[in-house]
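Asker: Structure file work.cif (mmCIF, C-alpha atoms) is given on the next line.
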data_final
#
loop_
_atom_site.label_atom_id
_atom_site.label_comp_id
_atom_site.auth_asym_id
_atom_site.auth_seq_id
_atom_site.Cartn_x
_atom_site.Cartn_y
_atom_site.Cartn_z
CA MET A 22 -27.58 20.91 21.32
CA LYS A 23 -25.61 20.78 18.12
CA LYS A 24 -22.21 22.34 18.04
CA THR A 25 -21.21 24.36 14.99
CA VAL A 26 -18.30 22.86 13.04
CA VAL A 27 -15.23 25.05 13.40
CA THR A 28 -13.73 26.07 10.07
CA VAL A 29 -10.23 27.39 9.54
CA LEU A 30 -9.68 29.35 6.35
CA LEU A 31 -6.33 28.96 4.69
CA VAL A 32 -4.31 31.73 3.19
CA ALA A 33 -4.65 31.61 -0.59
CA SER A 34 -1.38 30.58 -2.15
CA MET A 35 0.37 32.29 -5.01
CA GLY A 36 2.02 30.32 -7.79
CA LEU A 37 2.33 26.64 -7.00
CA LEU A 38 5.50 26.09 -8.96
CA GLY A 39 6.92 29.58 -9.08
CA ARG A 40 7.03 32.51 -6.70
CA THR A 41 4.56 34.67 -8.59
CA PRO A 42 1.03 34.02 -9.83
CA ALA A 43 0.69 32.59 -13.30
CA ALA A 44 -0.15 35.04 -16.05
CA ALA A 45 -3.72 35.17 -17.27
CA ASP A 46 -2.76 33.69 -20.63
CA ASP A 47 -0.59 31.00 -19.02
CA ILE A 48 -3.33 28.52 -18.13
CA VAL A 49 -2.08 25.38 -16.40
CA ASP A 50 -4.29 22.55 -15.24
CA VAL A 51 -4.60 22.48 -11.48
CA LEU A 52 -4.78 19.06 -9.85
CA THR A 53 -7.17 18.52 -6.95
CA LEU A 54 -6.62 16.01 -4.18
CA PRO A 55 -9.40 13.63 -5.36
CA GLU A 56 -7.90 13.70 -8.86
CA ALA A 57 -4.44 12.95 -7.49
CA ILE A 58 -5.80 9.98 -5.53
CA GLU A 59 -7.73 8.70 -8.55
CA THR A 60 -4.62 8.92 -10.74
CA ALA A 61 -2.50 7.09 -8.18
CA LEU A 62 -5.07 4.30 -7.75
CA LYS A 63 -5.04 3.74 -11.51
CA LYS A 64 -1.30 3.87 -12.11
CA HIS A 65 0.60 3.05 -8.92
CA PRO A 66 2.64 -0.16 -9.39
CA ALA A 67 1.74 -1.46 -5.92
CA LEU A 68 -1.94 -1.59 -6.82
CA GLN A 69 -1.20 -3.13 -10.21
CA ARG A 70 0.94 -5.71 -8.46
CA THR A 71 -1.82 -6.65 -6.03
CA ALA A 72 -4.30 -6.80 -8.92
CA GLU A 73 -2.06 -9.35 -10.62
CA GLN A 74 -1.84 -11.27 -7.35
CA VAL A 75 -5.63 -11.39 -7.18
CA GLN A 76 -5.73 -12.73 -10.73
CA GLY A 77 -3.06 -15.31 -9.92
CA ALA A 78 -5.02 -16.42 -6.84
CA GLU A 79 -8.10 -16.82 -9.02
CA TYR A 80 -6.18 -19.11 -11.38
CA ALA A 81 -4.97 -21.12 -8.37
CA ARG A 82 -8.58 -21.41 -7.15
CA GLN A 83 -9.70 -22.70 -10.55
CA SER A 84 -6.83 -25.20 -10.54
CA ALA A 85 -7.78 -26.51 -7.08
CA LYS A 86 -11.40 -26.87 -8.19
CA ALA A 87 -10.32 -28.80 -11.29
CA ASP A 88 -8.52 -31.37 -9.10
CA PHE A 89 -11.93 -32.83 -8.20
CA LEU A 90 -12.65 -33.58 -11.86
CA PRO A 91 -11.34 -36.51 -13.92
CA SER A 92 -8.05 -36.21 -15.76
CA LEU A 93 -7.28 -37.77 -19.15
CA SER A 94 -3.76 -38.70 -20.18
CA ALA A 95 -2.30 -40.26 -23.33
CA ASP A 96 0.87 -42.19 -24.05
CA TYR A 97 2.59 -43.44 -27.20
CA SER A 98 5.59 -45.72 -27.53
CA TYR A 99 7.67 -47.31 -30.27
CA THR A 100 9.87 -50.38 -29.69
CA ALA A 101 12.31 -52.01 -32.13
CA ILE A 102 13.61 -55.51 -31.21
CA ASN A 103 16.75 -56.99 -32.80
CA ASN A 104 15.47 -60.59 -32.87
CA ALA A 105 11.89 -61.65 -33.05
CA PRO A 106 10.68 -62.75 -29.59
CA PHE A 107 9.59 -66.40 -29.41
CA ARG A 108 8.37 -69.04 -26.98
CA ILE A 109 9.63 -72.64 -26.92
CA THR A 110 6.81 -75.14 -27.18
CA SER A 111 6.56 -78.91 -27.66
CA ILE A 112 6.56 -78.42 -31.37
CA GLY A 113 9.45 -75.95 -31.44
CA LYS A 114 9.92 -72.20 -31.37
CA ALA A 115 6.88 -69.97 -31.90
CA GLN A 116 7.15 -66.21 -32.53
CA VAL A 117 5.02 -64.29 -30.03
CA ALA A 118 5.46 -60.65 -31.11
CA HIS A 119 6.54 -58.38 -33.93
CA THR A 120 10.06 -57.03 -34.03
CA THR A 121 8.57 -53.58 -34.50
CA GLN A 122 5.92 -52.61 -31.96
CA TYR A 123 3.78 -49.48 -31.68
CA ARG A 124 1.57 -48.78 -28.73
CA TRP A 125 -0.69 -45.93 -27.73
CA GLY A 126 -3.23 -45.62 -24.98
CA LEU A 127 -5.62 -43.38 -23.07
CA SER A 128 -6.12 -43.30 -19.31
CA LEU A 129 -8.96 -41.60 -17.43
CA THR A 130 -8.56 -41.10 -13.66
CA GLN A 131 -11.29 -39.90 -11.29
CA PRO A 132 -10.36 -39.27 -7.62
CA LEU A 133 -12.89 -40.87 -5.26
CA PHE A 134 -11.38 -40.32 -1.82
CA THR A 135 -8.27 -38.45 -0.70
CA GLY A 136 -8.75 -38.19 3.05
CA GLY A 137 -9.71 -34.51 2.77
CA LYS A 138 -6.66 -33.45 0.80
CA LEU A 139 -8.47 -32.09 -2.26
CA SER A 140 -11.20 -30.37 -0.26
CA SER A 141 -8.56 -28.73 1.95
CA GLN A 142 -6.59 -27.58 -1.06
CA ASN A 143 -9.75 -26.13 -2.57
CA THR A 144 -10.60 -24.32 0.67
CA ILE A 145 -7.08 -22.90 0.93
CA ALA A 146 -7.21 -21.69 -2.68
CA LYS A 147 -10.52 -19.89 -2.05
CA LEU A 148 -9.16 -18.29 1.10
CA ARG A 149 -5.98 -17.16 -0.65
CA PHE A 150 -8.10 -15.55 -3.36
CA ASN A 151 -10.00 -13.58 -0.72
CA ILE A 152 -6.73 -12.77 1.06
CA ALA A 153 -5.35 -11.31 -2.18
CA LYS A 154 -8.43 -9.12 -2.52
CA GLN A 155 -7.98 -7.81 1.02
CA GLU A 156 -4.31 -7.11 0.33
CA LYS A 157 -5.38 -5.12 -2.72
CA LYS A 158 -7.73 -3.07 -0.53
CA GLN A 159 -4.93 -2.49 1.97
CA ALA A 160 -2.63 -1.34 -0.85
CA ALA A 161 -5.32 1.13 -1.95
CA LEU A 162 -5.51 2.48 1.61
CA ASP A 163 -1.72 2.84 1.80
CA ILE A 164 -1.57 4.59 -1.56
CA THR A 165 -4.40 6.95 -0.63
CA LYS A 166 -2.63 7.86 2.61
CA GLY A 167 0.65 8.34 0.75
CA VAL A 168 -0.92 10.64 -1.83
CA LYS A 169 -2.67 12.71 0.83
CA SER A 170 0.51 13.12 2.88
CA ALA A 171 2.49 14.07 -0.23
CA TYR A 172 -0.22 16.52 -1.30
CA TYR A 173 -0.33 18.19 2.11
CA ARG A 174 3.46 18.27 2.14
CA VAL A 175 3.45 20.21 -1.13
CA LEU A 176 0.98 22.73 0.30
CA LEU A 177 3.04 23.09 3.48
CA CYS A 178 6.27 23.60 1.54
CA GLN A 179 4.59 26.18 -0.69
CA LYS A 180 3.36 28.11 2.34
CA GLN A 181 6.86 27.96 3.82
CA GLY A 182 8.18 29.24 0.51
CA LEU A 183 5.84 32.20 0.71
CA VAL A 184 7.01 32.80 4.27
CA ALA A 185 10.62 32.68 3.06
CA ASP A 186 9.79 35.26 0.37
CA GLU A 187 8.19 37.44 3.02
CA VAL A 188 11.26 37.09 5.25
CA PHE A 189 13.52 38.10 2.37
CA GLN A 190 11.39 41.15 1.53
CA THR A 191 11.22 42.24 5.17
CA LEU A 192 14.94 41.84 5.83
CA SER A 193 15.85 43.40 2.50
CA SER A 194 13.83 46.46 3.45
CA HIS A 195 15.39 46.43 6.91
CA GLU A 196 18.90 46.24 5.45
CA LYS A 197 18.17 49.30 3.32
CA ASP A 198 16.94 51.17 6.39
CA ALA A 199 20.06 50.12 8.30
CA GLN A 200 22.28 51.24 5.41
CA MET A 201 20.60 54.61 5.38
CA PHE A 202 20.93 55.05 9.17
CA PHE A 203 24.60 53.99 9.05
CA GLU A 204 25.41 56.47 6.29
CA ARG A 205 23.83 59.19 8.42
CA GLY A 206 25.86 58.08 11.42
CA ILE A 207 22.79 57.13 13.43
CA ILE A 208 23.75 53.46 14.00
CA ARG A 209 27.04 51.63 14.42
CA ARG A 210 28.62 49.52 11.69
CA ASN A 211 28.05 46.25 13.58
CA ASP A 212 24.29 46.96 13.50
CA LEU A 213 24.48 47.24 9.70
CA LEU A 214 26.58 44.10 9.46
CA ARG A 215 24.05 42.17 11.52
CA ALA A 216 21.25 43.30 9.20
CA GLN A 217 23.32 42.20 6.19
CA VAL A 218 24.05 38.79 7.75
CA ALA A 219 20.35 38.32 8.48
CA LEU A 220 19.54 39.14 4.83
CA SER A 221 22.15 36.64 3.63
CA ASN A 222 20.60 33.96 5.83
CA ALA A 223 17.17 34.88 4.44
CA VAL A 224 18.45 34.25 0.90
CA GLN A 225 19.67 30.78 1.92
CA PHE A 226 16.39 30.07 3.71
CA GLN A 227 14.50 31.14 0.60
CA GLU A 228 16.51 28.87 -1.69
CA ARG A 229 16.16 25.91 0.68
CA THR A 230 12.41 26.25 1.07
CA TRP A 231 11.71 26.50 -2.66
CA ALA A 232 13.97 23.53 -3.28
CA ASP A 233 11.80 21.67 -0.76
CA VAL A 234 8.75 22.64 -2.83
CA ALA A 235 10.29 21.05 -5.92
CA ILE A 236 11.21 17.92 -3.98
CA SER A 237 7.71 17.61 -2.50
CA ILE A 238 6.13 17.94 -5.96
CA SER A 239 8.45 15.24 -7.27
CA ASP A 240 7.35 12.98 -4.42
CA LEU A 241 3.69 13.61 -5.27
CA ASN A 242 4.45 12.77 -8.91
CA ARG A 243 6.08 9.55 -7.73
CA TRP A 244 2.95 8.54 -5.82
CA MET A 245 0.94 9.15 -8.98
CA ALA A 246 3.40 6.97 -10.93
CA GLY A 247 4.26 9.86 -13.24
CA ASP A 248 7.38 11.72 -14.31
CA ILE A 249 8.92 13.09 -11.12
CA ASN A 250 10.04 16.17 -13.08
CA ALA A 251 6.53 17.01 -14.27
CA HIS A 252 5.43 20.59 -13.53
CA THR A 253 2.44 19.59 -11.42
CA ARG A 254 0.25 22.33 -9.98
CA ILE A 255 -2.17 21.48 -7.21
CA ALA A 256 -5.22 23.20 -5.78
CA ASP A 257 -5.04 24.73 -2.34
CA ILE A 258 -7.29 23.49 0.44
CA ASP A 259 -9.90 26.22 0.92
CA ALA A 260 -11.02 25.21 4.40
CA VAL A 261 -10.49 22.63 7.12
CA SER A 262 -13.47 21.33 9.06
CA PHE A 263 -12.64 19.95 12.45
CA ARG A 264 -13.98 16.43 12.98
CA HIS A 265 -14.60 14.69 16.30
CA PHE A 266 -14.85 10.94 16.85
CA ALA A 267 -15.43 8.49 19.66
CA LEU A 268 -12.15 6.63 20.24
CA GLU A 269 -13.71 3.30 21.23
CA GLU A 270 -15.94 3.30 18.16
CA LEU A 271 -12.93 4.03 15.96
CA ILE A 272 -10.98 1.15 17.49
CA GLN A 273 -13.85 -1.28 17.05
CA THR A 274 -14.39 -0.14 13.48
CA GLY A 275 -10.70 -0.58 12.75
CA LEU A 276 -10.65 -4.10 14.19
CA ASP A 277 -13.70 -4.97 12.09
CA THR A 278 -12.84 -3.30 8.78
CA ARG A 279 -9.05 -3.05 8.47
CA PRO A 280 -8.23 -5.09 5.31
CA ARG A 281 -4.97 -6.42 6.73
CA LEU A 282 -6.74 -7.83 9.78
CA LYS A 283 -9.34 -9.42 7.52
CA ALA A 284 -6.55 -10.95 5.46
CA MET A 285 -4.92 -12.32 8.60
CA ALA A 286 -8.21 -13.86 9.77
CA LEU A 287 -8.53 -15.57 6.38
CA THR A 288 -4.92 -16.74 6.61
CA ALA A 289 -5.67 -18.31 10.01
CA LYS A 290 -8.51 -20.30 8.38
CA ALA A 291 -6.16 -21.35 5.60
CA LEU A 292 -3.65 -22.62 8.17
CA THR A 293 -6.42 -24.66 9.81
CA SER A 294 -7.17 -26.23 6.43
CA ALA A 295 -3.44 -26.86 5.98
CA VAL A 296 -3.50 -29.01 9.14
CA THR A 297 -6.37 -31.06 7.67
CA MET A 298 -4.48 -31.39 4.40
CA GLU A 299 -1.39 -32.76 6.15
CA LYS A 300 -3.55 -35.23 8.11
CA SER A 301 -4.95 -36.58 4.84
CA ALA A 302 -1.72 -38.56 4.36
CA ARG A 303 -2.92 -40.89 7.16
CA TYR A 304 -5.77 -42.14 4.98
CA PRO A 305 -5.83 -44.14 1.77
CA SER A 306 -6.16 -42.43 -1.59
CA VAL A 307 -8.81 -44.05 -3.80
CA ALA A 308 -9.37 -43.39 -7.51
CA ALA A 309 -11.28 -45.00 -10.39
CA VAL A 310 -9.12 -45.60 -13.46
CA GLY A 311 -10.26 -46.41 -16.99
CA ASN A 312 -7.74 -47.45 -19.69
CA TYR A 313 -7.90 -48.03 -23.44
CA TYR A 314 -4.92 -49.01 -25.58
CA ARG A 315 -3.93 -50.23 -29.04
CA ASN A 316 -0.85 -52.35 -29.83
CA GLY A 317 0.39 -53.31 -33.29
CA ASP A 318 3.19 -53.33 -35.86
CA SER A 319 2.21 -50.12 -37.65
CA PRO A 320 2.33 -46.49 -36.48
CA ASP A 321 -1.44 -46.42 -35.98
CA ALA A 322 -1.25 -49.75 -34.04
CA HIS A 323 -4.23 -51.21 -35.92
CA SER A 324 -2.77 -54.60 -36.87
CA ASN A 325 -1.32 -57.34 -34.66
CA ASP A 326 -0.79 -60.95 -35.69
CA PHE A 327 0.00 -62.25 -32.21
CA GLU A 328 -2.49 -60.70 -29.80
CA ASN A 329 -5.52 -58.48 -29.80
CA ASP A 330 -4.63 -55.05 -31.11
CA HIS A 331 -6.85 -53.17 -28.65
CA ASN A 332 -8.32 -53.56 -25.18
CA ALA A 333 -9.99 -51.60 -22.38
CA SER A 334 -10.06 -51.90 -18.60
CA LEU A 335 -11.77 -50.28 -15.61
CA TYR A 336 -10.59 -50.65 -12.05
CA VAL A 337 -10.52 -48.97 -8.65
CA GLN A 338 -7.10 -48.25 -7.20
CA ALA A 339 -6.36 -47.59 -3.51
CA THR A 340 -2.99 -46.42 -2.23
CA TRP A 341 -2.25 -46.30 1.48
CA THR A 342 1.08 -45.43 3.07
CA LEU A 343 1.34 -47.56 6.20
CA PHE A 344 4.69 -46.31 7.50
CA ASP A 345 6.70 -43.23 6.57
CA SER A 346 9.12 -42.89 9.50
CA ASN A 347 6.83 -40.31 11.25
CA ARG A 348 7.05 -37.96 8.28
CA THR A 349 3.29 -37.30 8.29
CA ARG A 350 3.17 -36.86 12.04
CA SER A 351 5.96 -34.28 11.89
CA ARG A 352 4.27 -32.36 9.08
CA VAL A 353 0.98 -32.29 10.99
CA SER A 354 2.74 -31.04 14.11
CA LYS A 355 4.51 -28.33 12.13
CA ALA A 356 1.23 -27.18 10.55
CA GLU A 357 -0.39 -27.02 13.99
CA SER A 358 2.56 -25.01 15.36
CA ASP A 359 2.35 -22.62 12.41
CA LYS A 360 -1.35 -22.09 13.15
CA ARG A 361 -0.74 -21.38 16.85
CA ALA A 362 2.13 -19.02 16.03
CA PHE A 363 -0.02 -17.12 13.55
CA ASP A 364 -2.80 -16.78 16.12
CA GLN A 365 -0.32 -14.97 18.35
CA SER A 366 0.67 -12.76 15.41
CA ILE A 367 -2.97 -11.77 15.00
CA ARG A 368 -3.15 -10.79 18.67
CA GLU A 369 0.00 -8.73 18.26
CA ILE A 370 -1.23 -6.95 15.13
CA ARG A 371 -4.62 -6.22 16.69
CA ASP A 372 -2.86 -4.55 19.62
CA LEU A 373 -0.73 -2.53 17.19
CA VAL A 374 -3.87 -1.45 15.30
CA ARG A 375 -5.43 -0.29 18.56
CA LEU A 376 -2.29 1.73 19.34
CA GLU A 377 -2.10 3.11 15.80
CA ILE A 378 -5.72 4.29 15.93
CA LYS A 379 -5.30 5.85 19.38
CA SER A 380 -2.08 7.58 18.33
CA ALA A 381 -3.70 9.02 15.20
CA TYR A 382 -6.75 10.06 17.23
CA LEU A 383 -4.63 11.92 19.79
CA ASN A 384 -2.48 13.52 17.08
CA LEU A 385 -5.66 14.80 15.46
CA GLY A 386 -6.70 16.46 18.72
CA VAL A 387 -3.24 17.95 19.26
CA ALA A 388 -3.24 19.40 15.74
CA GLU A 389 -6.68 20.94 16.28
CA ASN A 390 -5.59 22.59 19.53
CA ASN A 391 -2.34 23.75 17.97
CA ILE A 392 -4.20 25.45 15.14
CA ASP A 393 -6.20 27.60 17.55
CA ALA A 394 -3.09 28.51 19.56
CA ALA A 395 -0.98 29.19 16.47
CA LYS A 396 -3.69 31.32 14.91
CA THR A 397 -3.78 33.60 17.95
CA ALA A 398 0.03 33.75 18.15
CA LEU A 399 0.20 34.56 14.43
CA SER A 400 -1.99 37.63 14.88
CA HIS A 401 0.15 38.83 17.80
CA ALA A 402 3.46 38.19 16.00
CA ARG A 403 2.36 40.11 12.89
CA GLU A 404 1.29 43.09 14.98
CA ASN A 405 4.57 42.96 16.91
CA MET A 406 6.49 42.90 13.61
CA ARG A 407 4.59 45.93 12.33
CA ILE A 408 5.08 47.95 15.50
CA THR A 409 8.80 47.06 15.80
CA ARG A 410 9.55 48.06 12.18
CA MET A 411 7.78 51.37 12.63
CA GLY A 412 9.70 51.90 15.86
CA TYR A 413 13.01 51.15 14.13
CA ARG A 414 12.35 53.65 11.37
CA GLN A 415 11.72 56.21 14.09
CA GLN A 416 14.75 54.90 16.01
CA ALA A 417 12.50 53.90 18.89
CA ALA A 418 13.53 50.27 18.44
CA THR A 419 16.85 48.56 17.78
CA SER A 420 17.91 46.43 14.84
CA THR A 421 18.12 43.47 17.20
CA GLU A 422 14.47 43.92 18.11
CA VAL A 423 13.49 43.96 14.42
CA LEU A 424 15.42 40.76 13.71
CA ASP A 425 13.99 39.06 16.78
CA ALA A 426 10.46 40.10 15.81
CA ARG A 427 11.00 38.74 12.29
CA SER A 428 12.39 35.50 13.68
CA ASP A 429 9.42 35.14 16.02
CA LEU A 430 6.97 35.78 13.18
CA THR A 431 8.71 33.24 10.94
CA GLN A 432 8.52 30.58 13.64
CA VAL A 433 4.86 31.31 14.38
CA GLU A 434 3.92 31.24 10.69
CA THR A 435 5.74 27.93 10.30
CA ASN A 436 4.00 26.52 13.37
CA TYR A 437 0.62 27.64 12.05
CA TYR A 438 0.96 25.99 8.66
CA GLN A 439 2.50 22.87 10.17
CA SER A 440 -0.48 22.59 12.51
CA LEU A 441 -2.95 23.26 9.70
CA TYR A 442 -1.64 20.65 7.30
CA GLY A 443 -0.64 18.44 10.20
CA TYR A 444 -4.32 18.21 11.09
CA LEU A 445 -5.20 17.05 7.56
CA ASP A 446 -2.34 14.55 7.59
CA ALA A 447 -3.39 13.27 11.02
CA LEU A 448 -6.93 12.77 9.71
CA ALA A 449 -5.53 10.83 6.73
CA ALA A 450 -3.47 8.69 9.12
CA LEU A 451 -6.56 8.01 11.22
CA GLU A 452 -8.54 6.92 8.15
CA ARG A 453 -5.77 4.54 7.12
CA ALA A 454 -5.52 3.14 10.65
CA VAL A 455 -9.28 2.57 10.82
CA GLY A 456 -9.38 1.20 7.28
CA LYS A 457 -12.13 3.39 5.83
CA ASP A 458 -13.09 6.90 4.78
CA LEU A 459 -14.37 8.81 7.81
CA SER A 460 -16.02 11.66 5.90
CA GLN A 461 -19.46 10.17 6.59
CA ALA A 462 -18.77 9.26 10.20
CA VAL A 463 -21.10 10.79 12.76
CA ASP A 464 -19.54 13.57 14.85
CA PRO A 465 -20.56 12.88 18.46
CA LYS A 466 -20.22 16.60 19.31
CA GLN A 467 -22.84 17.46 16.72
CA GLN A 468 -25.38 15.01 18.09
CA SER A 469 -28.07 16.25 20.43
#
Can the structure from this file be put into structure tokens for me?

Answerer:
Amino acid sequence: MKKTVVTVLLVASMGLLGRTPAAADDIVDVLTLPEAIETALKKHPALQRTAEQVQGAEYARQSAKADFLPSLSADYSYTAINNAPFRITSIGKAQVAHTTQYRWGLSLTQPLFTGGKLSSQNTIAKLRFNIAKQEKKQAALDITKGVKSAYYRVLLCQKQGLVADEVFQTLSSHEKDAQMFFERGIIRRNDLLRAQVALSNAVQFQERTWADVAISISDLNRWMAGDINAHTRIADIDAVSFRHFALEELIQTGLDTRPRLKAMALTAKALTSAVTMEKSARYPSVAAVGNYYRNGDSPDAHSNDFENDHNASLYVQATWTLFDSNRTRSRVSKAESDKRAFDQSIREIRDLVRLEIKSAYLNLGVAENNIDAAKTALSHARENMRITRMGYRQQAATSTEVLDARSDLTQVETNYYQSLYGYLDALAALERAVGKDLSQAVDPKQQS
């Protein structure tokens, strides 16, 4: 049978930047969580940085592809000789060149065989391009998680601010009651002093909590790459729907979809190609070369009285390093060691991902259970506070009991909101650990 999704309604917040609701004519745009995430994904420098890295990797891929194609180079030279060059013959000296010589030429080179070097470089460039794209996806996941945590932190701090206001109002009223009872000689002075000390502490608690609200809003603004001093107002979360997942399925999904793991798998392939590239030095490098040049006594090199002023040639050139003092062997061995070391890094990261997913999964369950417990305790603590205050006004309860009841209620309210937003933050952590949005994931407890 299907199990109904449990929904926890949140207490509607008052003003998000102040301590009172905004006036009807003071309309301020309220930012929702999806809007905050969208803004951050457009403006956050980390995502812009990874976008530039993707573009740079694309240029590198195009460069590696171009290495297969022919290259054309040009050269130009000018030579001035003090004395005219000559050759001694049987009939005397014969000039063999001009004292002023100009030469220009073109050379076309087409690689024919490189022992796998160019193909390995091309493969590595393609892999690095795909790695950059996966790193961009991972950056988007990290930013999304950061925005969600900052958003939930703002909501939590605002709720704690409202609790602090409530504490101040309660203890202010209690201090007035204590003052009245003291003036009538019903209570001792130390009871009044204790009520006044508690009120003073409430003022400090109030100031601290609302300062935390401002700090949390600044942190959210930072994630959205905006002015940290901007007066950002955010929408409350109306309800929280408990989600249930199968741990093993989450782990497998994370191992299959986590962008960082995909990037590492691509890096391992690139390191394999790097080994092949280093081994290419053991083979000859063969290229076809075509040359054309002009040589003469004028800047355009179109006239020459001693030899032909132009010529062309085509040849195949092979270069083979026969001995390099084991340099190639050492480089190949290093590349192979790097590959084996990285394989171990992948194993290590996969284990960490498993642990990260399990930790987030368990934290989600703890937060869900804490919400139920805190909700029940909250009801009891509020009723205890009400009864104790009534008893104090009738002198059926002591000032100490009032302060203890208020302290208990404050702690329970704090625990409740921490559990509530802790659940949302734990869900965000689980989504980042898995590497995907889990809003469409099937809840096993809702299946027949």

Asker: Compile the contact shell of Leu343 of chain A as a short mmCIF file (atom, residue, chain, number, x, y, z; two decimals) with C-alpha atoms, in the coordinates of the input: residues with an atom at most 12 Å away, counting only C-alpha atoms, same-chain residues fewer than 4 positions apart removed.

Answerer:
data_model
loop_
_atom_site.label_atom_id
_atom_site.label_comp_id
_atom_site.auth_asym_id
_atom_site.auth_seq_id
_atom_site.Cartn_x
_atom_site.Cartn_y
_atom_site.Cartn_z
CA ALA A 302 -1.72 -38.56 4.36
CA ARG A 303 -2.92 -40.89 7.16
CA TYR A 304 -5.77 -42.14 4.98
CA PRO A 305 -5.83 -44.14 1.77
CA SER A 306 -6.16 -42.43 -1.59
CA ASN A 347 6.83 -40.31 11.25
CA ARG A 348 7.05 -37.96 8.28
CA THR A 349 3.29 -37.30 8.29
#

Asker: Figure out the distance between atom CA of Asp257 of chain A and atom CA of Trp231 of chain A, please, to one decimal in Å.

Answerer: 16.8 Å

Asker: Please measure the separation of atom CA of Asn384 of chain A and atom CA of Lys457 of chain A, giving the value in Å to one decimal.

Answerer: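 Taking atom CA of Asn384 of chain A and atom CA of Lys457 of chain A, their separation equals 18.0 Å.
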
Asker: Measure the distance from atom CA of Tyr313 of chain A to atom CA of Ala118 of chain A in Å and round it to one decimal.

Answerer: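 Atom CA of Ala118 of chain A lies at a distance of 19.9 Å from atom CA of Tyr313 of chain A.
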
Asker: What residues come out when you apply the PyMOL selection byres ((chain A and resi 423) around 10) to this file, written as a list in words?

Answerer: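 That selection, the PyMOL selection byres ((chain A and resi 423) around 10), comes back as Thr191, Leu192, His195, Ala216, Asn405, Met406, Arg407, Ile408, Thr409, Arg410, Met411, Gly412, Tyr413, Ala418, Thr419, Ser420, Thr421, Glu422, Leu424, Asp425, Ala426, Arg427, Ser428 and Asp429 of chain A.
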
Asker: Show which residues sit within 8 Å of Val75 of chain A, as a PDB file with C-alpha atoms, keeping the file's coordinate frame. Count all atoms listed in the file, and ignore same-chain residues fewer than 2 positions away.

Answerer:
ATOM      1  CA  THR A  71      -1.820  -6.650  -6.030  1.00  0.00           C
ATOM      2  CA  ALA A  72      -4.300  -6.800  -8.920  1.00  0.00           C
ATOM      3  CA  GLU A  73      -2.060  -9.350 -10.620  1.00  0.00           C
ATOM      4  CA  GLY A  77      -3.060 -15.310  -9.920  1.00  0.00           C
ATOM      5  CA  ALA A  78      -5.020 -16.420  -6.840  1.00  0.00           C
ATOM      6  CA  GLU A  79      -8.100 -16.820  -9.020  1.00  0.00           C
ATOM      7  CA  PHE A 150      -8.100 -15.550  -3.360  1.00  0.00           C
ATOM      8  CA  ALA A 153      -5.350 -11.310  -2.180  1.00  0.00           C
ATOM      9  CA  LYS A 154      -8.430  -9.120  -2.520  1.00  0.00           C
ATOM     10  CA  LYS A 157      -5.380  -5.120  -2.720  1.00  0.00           C
TER      11      LYS A 157
END

Asker: Any chance you could work out the residue set of the PyMOL selection byres ((chain A and resi 244-256) around 7) here, as a list of chain:residue names?

Answerer: A:Leu37, A:Leu38, A:Asp50, A:Val51, A:Leu52, A:Thr53, A:Ala57, A:Thr60, A:Ala61, A:Lys64, A:His65, A:Gly167, A:Val168, A:Ile238, A:Ser239, A:Asp240, A:Leu241, A:Asn242, A:Arg243, A:Asp257, A:Ile258

Asker: Tell me, as a short mmCIF file (atom, residue, chain, number, x, y, z; two decimals) with C-alpha atoms, in the frame of the given file, which residues lie within 8 Å of Thr100 of chain A, counting only C-alpha atoms; anything in the same chain fewer than 6 positions away does not count.

Answerer:
data_model
loop_
_atom_site.label_atom_id
_atom_site.label_comp_id
_atom_site.auth_asym_id
_atom_site.auth_seq_id
_atom_site.Cartn_x
_atom_site.Cartn_y
_atom_site.Cartn_z
CA THR A 120 10.06 -57.03 -34.03
CA THR A 121 8.57 -53.58 -34.50
CA GLN A 122 5.92 -52.61 -31.96
CA TYR A 123 3.78 -49.48 -31.68
#

Asker: Could you check the closest approach to Glu377 of chain A for each of A:Ala454, A:Asp446, A:Arg279, A:Arg352 and tell me which residue wins, using only C-alpha atoms?

Answerer: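 Of the candidates, the smallest distance to Glu377 of chain A is held by A:Ala454.
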
Asker: So that I can check the surroundings of Leu383 of chain A, please list as a count of residues only every protein, DNA and RNA residue that reaches within 12 Å of it, counting only C-alpha atoms and ignoring chain neighbours fewer than 4 positions away.

Answerer: 17

Asker: Measuring atom to atom with all atoms listed in the file, identify which of A:Val455, A:Ala295, A:Ile236, A:Leu399 is nearest to Tyr172 of chain A.

Answerer: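 Closest to Tyr172 of chain A, using all atoms listed in the file: A:Ile236.
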
Asker: Take the PyMOL selection byres ((chain A and resi 132-144) around 8), apply it to the structure above, and return the hits as a PyMOL selection string.

Answerer: chain A and resi 82+85-86+88-91+130-131+145-148+291+294-295+297-309

Asker: For Lys360 of chain A, which residue among A:Ser94, A:Ser324, A:Ser170, A:Thr293 is the nearest when counting all atoms listed in the file?

Answerer: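 Nearest candidate to Lys360 of chain A out of A:Ser94, A:Ser324, A:Ser170, A:Thr293: A:Thr293.
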
Asker: Please list as a list in words every residue within 7 Å of Leu220 of chain A, counting only C-alpha atoms and excluding residues in the same chain fewer than 2 positions away.

Answerer: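 The filter keeps Phe189, Leu192, Ser193, Ala216, Gln217, Val218, Asn222, Ala223 and Val224 of chain A.
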
Asker: For Arg70 of chain A, which of A:Glu328, A:Ala161, A:Ser334, A:Thr342 is the closest residue, counting all atoms listed in the file?

Answerer: A:Ala161
